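Enquirer: Below you will find the structure I want to go over with you.
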Protein chains: 2
Amino acid sequence: MSNSFEHLLSKRALGMRKNVIREILKVVSQPGMVSLAGGIPAPETFPIEDLYRINETVLDRYGAAALQYDLTEGFAPFREALAGYLANKSISADAESLLVFNGSQSVLDTLGKILITPGDIIALESPSYLGAISAFSSYSPDYVSIETDDDGIVPQSLERALDQQPVKFLYLVTTFQNPTGRTLSAERRKEVAEIIKTRNALVIEDDPYGDLRFRGQPAPALQTFAPENVVYVSTLSKIFAPGLRLGFCVAPPLIREWLYRAKQGADLHSNTYAQALATEYICGGFIERQVPKIIELYRPRQEAMLAALESHLPRDYRWTKPEGGMFIWVEGPPGVDAEQIYWRAVERKVAFVPGKYFYIEPDDGLPTMRLNFTRVDEATIEAAIATLGRVIRHNGG
Amino acid sequence: MSNSFEHLLSKRALGMRKNVIREILKVVSQPGMVSLAGGIPAPETFPIEDLYRINETVLDRYGAAALQYDLTEGFAPFREALAGYLANKSISADAESLLVFNGSQSVLDTLGKILITPGDIIALESPSYLGAISAFSSYSPDYVSIETDDDGIVPQSLERALDQQPVKFLYLVTTFQNPTGRTLSAERRKEVAEIIKTRNALVIEDDPYGDLRFRGQPAPALQTFAPENVVYVSTLSKIFAPGLRLGFCVAPPLIREWLYRAKQGADLHSNTYAQALATEYICGGFIERQVPKIIELYRPRQEAMLAALESHLPRDYRWTKPEGGMFIWVEGPPGVDAEQIYWRAVERKVAFVPGKYFYIEPDDGLPTMRLNFTRVDEATIEAAIATLGRVIRHNGG
């Protein structure tokens, strides 16, 4: 007897897609592969030496409380620490308004769970973060794409989308976006805030990369211009350690209440011990020393990639020049198929992510690619981009 | 302008209930309250001293790998360690078939997500674990109750339920059940296995308490009799530390594949560092020394509670006498309202959970109560049950 249980699957399950990037990452784990594909922090950025001390402090200070069941909203000392940290970035949040989740992916999933009824329309910047699409898609929404340019989403395109149909929410990464590296400009943030306030629309502002600024001045979070309309989502994955799965959000009261309720049923609460580690990482002053070190590691890698692109890519290619983050977005001329380039590059031991995966419409973004610069050193980046340049020229015929 | 966003909530959200026990636990955190309400391990059972060493070993041995993004299915060394641990309990599992989640609550939520289309029928033993009901309810199923007696679910009642309607799955806690403390007998396990194999039915076997055996011989997991029909779910919360949120399951291949896919979209993967700690807790031999200590702490507490019930409760009350676990289930004569007893007991600084919350039907279980014996010492238990006895006699008039 075959127990496939295929007939038992929910309708919802059939809407779930495999995360293509994570699938691609499996392929590129071959020995010798230079991966510009992931969105993964360099392991050198993890404060391992500090963690010997931080662990002791946590066990001394919190003891059993760090190991016990805890509040659904998150470990109180961690929420206090986070609120202070966010205040430095002038984000309106207090410990009471914060909710802690298992990584920001889990915030996105839970937002999808409480907001999306199948067929609801979600607005996404185009291209958009794949993990968000993957989280939302399991609740079977439809999508509408918002146009973007080098300053982020185009306000007129957003206005049109909101006026033409009921939109449950807009999801966007406001700073050093994944996949493009683009930042919504300060001017645009004010315009977007006005648009959503006028229409009483809800926005999910995802900000995992904002602290990784190599140059230039930060713009205030969109949330600061429209706190009642924005769920601000962030994570310690890029500035502490992703393996600890520490995401969080600040949400308007009703959304917060339903996120709380959904999380209570879904996993009771997030890892107490990891939250205690993060409390000491923030309050013990470790984070202030560590983030500049992370930036000093990534900045020259990004500069090396920008220089190498200038040297090795054909003149009809263009790319973003972000002031921080983890990604550069390359766009070839019309007719280029970046997936074809991908397979040839992988043969030569260089991997990246073909950009089309970040679009909702199947034919969009064919000539685009996402390049990550955080995992490999400058010399390797130069060599990898040189290889990519050769593949592109050969591919182009 | 009021941004209540009430109109944005998904249909699904409206099905979510607050976890009543967690709400009750908030009330009983008043100073001086003796709580027999929770299902929470005694903090003395956490291996805090060992954790100083285990943390060092993890940082020495795994370094950055313990802090990095990791596989959705779980940290490979942890799955190896778990497979070995489960083999000792003769549960059929290998590292490949295991999936690690944020506590077993998150396994239950994800099973609900991939299996339940609104209106599907889920079979529950009556009474049943509230956390499971809360996890499943967010996917809007209907429920059918299966009768139970002192040996667990009644096979004939299960047969009837499976034959009368399409049932998506049966959920049950096979050993030292929450809330009753009852164990499905070895004989019954074989009968249930036959029933589900014949009908190609799916069962979720939740086993969080099986290791907390104070006396008697364990029966093999239901999963061992019907591995192709059973998702075996367990956790390290009761034998290591609940704050680490380490749940896991062994599932038939297709269910495993969809759990994997759903988890990838929901939170990418579980806390790597906590999994590394648990790997060393198991492989370093700590668990073998710790579990007997936990049992030696709980056994006299349970004996004290059983003796106190004998001394202080009226003769028309009966209660379970489990060979382990965390709970005793008390049932008063018809007409008793345990919630009334609850409020009077709370006034006298003794809390428990009125049993009716563990039933699907609103009028079931009115005279029942769940008593937890793991959090307080023997003398306090004797005094608390004496108080409860007085409240009951007074209440009864």
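Ligands are numbered from 1 in the order shown, residues from 1 within each chain, and chains are lettered A, B, ... in the order they appear in the structure tokens.
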Quick one: residues within 10 Å of Phe248 (chain A), only C-alpha atoms counted, chain neighbours fewer than 4 positions away excluded, as number ranges by chain?

Expert: A: 73-74, 79, 82, 98-107, 232-236

Enquirer: Tell me which protein, DNA and RNA residues are within 8 Å of Glu339 (chain A), counting only C-alpha atoms, leaving out same-chain ones fewer than 4 positions away, and put them as a list of chain:residue names.

Expert: A:Trp343, A:Pro354, A:Leu366

Enquirer: How would the residues just chosen look if you wrote them out with C-alpha atoms as a PDB file, in the first residue's frame?

Expert:
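This is the output file selection21.pdb:
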ATOM      1  CA  TRP A 343      24.983  28.090 -15.985  1.00  0.00           C
ATOM      2  CA  PRO A 354      19.692  35.288 -11.979  1.00  0.00           C
ATOM      3  CA  LEU A 366      15.625  38.247 -17.784  1.00  0.00           C
TER       4      LEU A 366
END

Enquirer: Which of region 23-249 of chain A end up as helix (DSSP H, G or I) when DSSP is run on this backbone - answer as JSON, numbers by chain?

Expert: {"A": [23, 24, 25, 26, 27, 43, 44, 45, 48, 49, 50, 51, 52, 53, 54, 55, 56, 57, 58, 59, 60, 61, 62, 63, 64, 65, 66, 76, 77, 78, 79, 80, 81, 82, 83, 84, 85, 86, 87, 88, 103, 104, 105, 106, 107, 108, 109, 110, 111, 112, 113, 114, 115, 130, 131, 132, 133, 134, 135, 136, 137, 155, 156, 157, 158, 159, 160, 161, 162, 163, 164, 186, 187, 188, 189, 190, 191, 192, 193, 194, 195, 196, 197, 198, 199, 222, 223, 224, 225, 242, 243, 244]}

Enquirer: One decimal, in Å: what's the spacing between CA of Ala132 (chain B) and CA of Leu172 (chain B)?

Expert: 9.3 Å

Enquirer: Of the residues A:Gly325, A:Gly119, A:Pro333, A:Gly32, which is the one nearest to chain B, using only C-alpha atoms?

Expert: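 Result for the nearest residue to chain B: A:Gly119.
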